[in-house]
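Inspection log for the structure reproduced underneath, given as C-alpha cells.
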Amino acid sequence: MTRKRTMWGARRREFEEGLRLARAGWQGCIEWRGAVTGSGYGYLWASGKVRHVHILAWEAVNGPIPAGLELDHICRNRLCFNPAHLRLATRSQNAAYAPKRRGGYRSCFKGVEWRSRPPPWRARLRSGGKLIYLGCFPTEEAAARAYDEAAKRFFGEFAWLNFPEGA
Ligand SMILES: [Zn+2]
C-alpha cells in the first residue's frame, strides 16, 4: 500500500474519504477540491499519469470501464466523484446529454441554428456522428421544441432538453 500512496500523492486521502462517504450511502455530490483540468474535471496523478478522479472512483467500485464506453455525470457536476452519480454511456449518449456548446450558432437553445432564409430556425440533432435535420421553423422556440421531441426519441433518458418536464 505504500507504493500506492506515493503514486497517488497527497490527494489520495481526499479520494479515499470521498469513496468512503459514497460507500456509506451519501446521496449528494462529492466534489473534488484538488486540481481541475481545463474542461472542469478533477484529476490526480496515478501511476505517472493524469487520471480523472470520477473515473478512478467509478472503477474502484465497478471495475474497469468496458471498451467503447465513457462515464457520464448524471448530476452534471464535473467535480463530483460520487460513483452513484455516474453511469456508463456511449460517446453519442454522452454528447446528447451535454448542454449546448458555446459558439457557432445564433440560438441559445440546444439543437437550433439560425439560417439566413425563412423559416429561419432550423432544428438538428447529432446521433452517432450523423447530423439529422428536423425541419425549419418560424420561431426559435418551435425549433427548440422539435429538437426536444426528437432528442427524447433518439436518446431517451440521456436527452438534454431545452424544456425539461414539458415546460
Ligand atoms: Zn454528483
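Chain lettering (A, B, ...) mirrors the order of the C-alpha cells, residue numbering begins at 1 for each chain separately, and ligand numbering begins at 1 in order of display.
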>> Excluding Ala96 (chain A) and its own-chain neighbours fewer than 2 positions away, which residues fall within 7 Å of it when counting only C-alpha atoms? Please give them as a VMD selection string.
In response: chain A and resid 92 to 94 98 155 158 to 160
Write the residues of the preceding selection, restricted to N, CA and C atoms, as an mmCIF file, in the first residue's frame.
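And here's selection24.cif as it stands now:
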```cif
data_model
loop_
_atom_site.group_PDB
_atom_site.id
_atom_site.type_symbol
_atom_site.label_atom_id
_atom_site.label_comp_id
_atom_site.auth_asym_id
_atom_site.auth_seq_id
_atom_site.Cartn_x
_atom_site.Cartn_y
_atom_site.Cartn_z
ATOM 1 N N SER A 92 -21.975 8.895 -28.048
ATOM 2 C CA SER A 92 -23.125 9.592 -28.616
ATOM 3 C C SER A 92 -24.133 9.982 -27.527
ATOM 4 N N GLN A 93 -24.372 9.077 -26.585
ATOM 5 C CA GLN A 93 -25.280 9.395 -25.478
ATOM 6 C C GLN A 93 -24.706 10.510 -24.626
ATOM 7 N N ASN A 94 -23.403 10.464 -24.440
ATOM 8 C CA ASN A 94 -22.743 11.471 -23.617
ATOM 9 C C ASN A 94 -22.874 12.849 -24.250
ATOM 10 N N ALA A 98 -24.969 16.414 -22.936
ATOM 11 C CA ALA A 98 -24.221 17.639 -22.645
ATOM 12 C C ALA A 98 -25.031 18.866 -23.034
ATOM 13 N N PHE A 155 -32.569 9.604 -27.734
ATOM 14 C CA PHE A 155 -31.655 9.435 -26.609
ATOM 15 C C PHE A 155 -32.326 9.002 -25.314
ATOM 16 N N PHE A 158 -31.137 10.023 -21.789
ATOM 17 C CA PHE A 158 -29.904 10.780 -21.979
ATOM 18 C C PHE A 158 -30.158 12.111 -22.689
ATOM 19 N N ALA A 159 -31.387 12.339 -23.079
ATOM 20 C CA ALA A 159 -31.690 13.566 -23.812
ATOM 21 C C ALA A 159 -31.486 14.790 -22.920
ATOM 22 N N TRP A 160 -30.828 15.795 -23.447
ATOM 23 C CA TRP A 160 -30.708 17.081 -22.737
ATOM 24 C C TRP A 160 -31.762 17.980 -23.339
#
```
>> Which residues are near Ala151 (chain A)? Cut-off 10 Å, only C-alpha atoms, ignore same chain within fewer than 5 positions. Put them as an MDAnalysis selection string.
In response: chainID A and resid 96:97 111 124:127 145:146 156:162
Which residues sit within 6 Å of ligand 1, counting only C-alpha atoms and all ligand atoms, listed as a JSON list (two decimals) with N, CA and C atoms, in the first residue's frame?
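Writing done, so here's pocket27.json:
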```
[["chain", "number", "residue", "atom", "x", "y", "z"],
["A", 29, "CYS", "N", -23.58, 15.19, -4.06],
["A", 29, "CYS", "CA", -22.35, 15.25, -4.83],
["A", 29, "CYS", "C", -21.16, 15.22, -3.87],
["A", 75, "CYS", "N", -25.45, 13.93, -12.50],
["A", 75, "CYS", "CA", -25.68, 15.17, -11.76],
["A", 75, "CYS", "C", -25.12, 16.40, -12.50],
["A", 77, "ASN", "N", -22.35, 17.59, -12.53],
["A", 77, "ASN", "CA", -21.34, 18.32, -11.78],
["A", 77, "ASN", "C", -20.00, 17.63, -12.04],
["A", 80, "CYS", "N", -17.78, 16.29, -9.32],
["A", 80, "CYS", "CA", -18.32, 15.25, -8.44],
["A", 80, "CYS", "C", -17.70, 13.90, -8.77],
["A", 82, "ASN", "N", -18.83, 11.07, -6.87],
["A", 82, "ASN", "CA", -19.67, 10.06, -6.24],
["A", 82, "ASN", "C", -20.06, 9.03, -7.31],
["A", 85, "HIS", "N", -23.41, 8.87, -8.89],
["A", 85, "HIS", "CA", -23.84, 9.94, -9.80],
["A", 85, "HIS", "C", -23.27, 9.76, -11.19]]
```
> Interatomic distance between CA of Gly63 (chain A) and CA of Gly129 (chain A)?
Replying inline: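 CA of Gly63 (chain A) sits 28.2 Å away from CA of Gly129 (chain A).
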> Running DSSP on the backbone, which parts of chain A land in strand (DSSP E), as a ChimeraX atom specification?
Replying inline: /A:43-46,49-52,70-73,86-89,112-114,121-127,130-137
> Skipping near chain neighbours, those fewer than 6 positions away, what residues fall within 10 Å of Arg91 (chain A) using only C-alpha atoms, listed as a VMD selection string?
Replying inline: chain A and resid 68 to 72 127 to 129
Can you write out the residues you just picked, keeping C-alpha atoms, as a short mmCIF file (atom, residue, chain, number, x, y, z; two decimals), in the first residue's frame?
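part.cif, written as the output of this step:
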```cif
data_model
loop_
_atom_site.label_atom_id
_atom_site.label_comp_id
_atom_site.auth_asym_id
_atom_site.auth_seq_id
_atom_site.Cartn_x
_atom_site.Cartn_y
_atom_site.Cartn_z
CA GLY A 68 -16.09 1.89 -26.17
CA LEU A 69 -17.98 3.34 -23.24
CA GLU A 70 -17.48 6.51 -21.25
CA LEU A 71 -18.73 7.83 -17.97
CA ASP A 72 -21.48 10.36 -17.83
CA SER A 127 -26.58 10.98 -33.40
CA GLY A 128 -23.71 8.58 -33.84
CA GLY A 129 -21.71 11.22 -35.71
#
```
>> I want to know what sits within 12 Å of Leu21 (chain A), based on only C-alpha atoms, with residues of the same chain fewer than 3 positions away left out; could you give that as JSON, numbers by chain?
In response: {"A": [14, 15, 16, 17, 18, 24, 25, 26, 27, 28, 29, 30, 31, 57, 81, 82, 83, 84]}
Okay, now the selection with N, CA and C atoms, as a CSV table (one decimal), in the first residue's frame?
```csv
chain,number,residue,atom,x,y,z
A,14,GLU,N,-8.0,12.4,0.3
A,14,GLU,CA,-9.3,13.0,-0.1
A,14,GLU,C,-10.1,12.1,-0.9
A,15,PHE,N,-9.4,11.4,-1.9
A,15,PHE,CA,-10.1,10.5,-2.7
A,15,PHE,C,-10.7,9.3,-1.9
A,16,GLU,N,-9.9,8.8,-1.0
A,16,GLU,CA,-10.4,7.7,-0.2
A,16,GLU,C,-11.5,8.1,0.7
A,17,GLU,N,-11.5,9.3,1.2
A,17,GLU,CA,-12.5,9.7,2.1
A,17,GLU,C,-13.8,9.9,1.3
A,18,GLY,N,-13.7,10.4,0.1
A,18,GLY,CA,-14.9,10.6,-0.8
A,18,GLY,C,-15.5,9.2,-1.1
A,24,ALA,N,-20.9,4.7,2.2
A,24,ALA,CA,-21.8,4.8,3.4
A,24,ALA,C,-23.1,5.3,2.9
A,25,GLY,N,-23.3,5.5,1.6
A,25,GLY,CA,-24.6,5.8,1.1
A,25,GLY,C,-24.9,7.3,1.0
A,26,TRP,N,-23.9,8.1,1.0
A,26,TRP,CA,-24.1,9.6,0.8
A,26,TRP,C,-24.7,9.8,-0.5
A,27,GLN,N,-25.8,10.6,-0.5
A,27,GLN,CA,-26.6,10.8,-1.7
A,27,GLN,C,-26.2,12.0,-2.6
A,28,GLY,N,-25.5,12.9,-1.9
A,28,GLY,CA,-25.2,14.2,-2.6
A,28,GLY,C,-23.9,14.1,-3.4
A,29,CYS,N,-23.6,15.2,-4.1
A,29,CYS,CA,-22.3,15.2,-4.8
A,29,CYS,C,-21.2,15.2,-3.9
A,30,ILE,N,-20.1,14.6,-4.3
A,30,ILE,CA,-18.8,14.6,-3.6
A,30,ILE,C,-17.9,15.4,-4.5
A,31,GLU,N,-17.6,16.6,-4.1
A,31,GLU,CA,-16.8,17.5,-5.0
A,31,GLU,C,-15.3,17.4,-4.7
A,57,ALA,N,-12.8,6.7,-9.3
A,57,ALA,CA,-13.8,6.4,-8.2
A,57,ALA,C,-14.8,5.4,-8.8
A,81,PHE,N,-17.3,13.2,-7.7
A,81,PHE,CA,-16.8,11.8,-8.0
A,81,PHE,C,-17.6,10.8,-7.2
A,82,ASN,N,-18.8,11.1,-6.9
A,82,ASN,CA,-19.7,10.1,-6.2
A,82,ASN,C,-20.1,9.0,-7.3
A,83,PRO,N,-19.6,7.8,-7.2
A,83,PRO,CA,-19.9,6.8,-8.2
A,83,PRO,C,-21.4,6.6,-8.5
A,84,ALA,N,-22.2,6.9,-7.5
A,84,ALA,CA,-23.7,6.8,-7.7
A,84,ALA,C,-24.2,7.8,-8.7
```
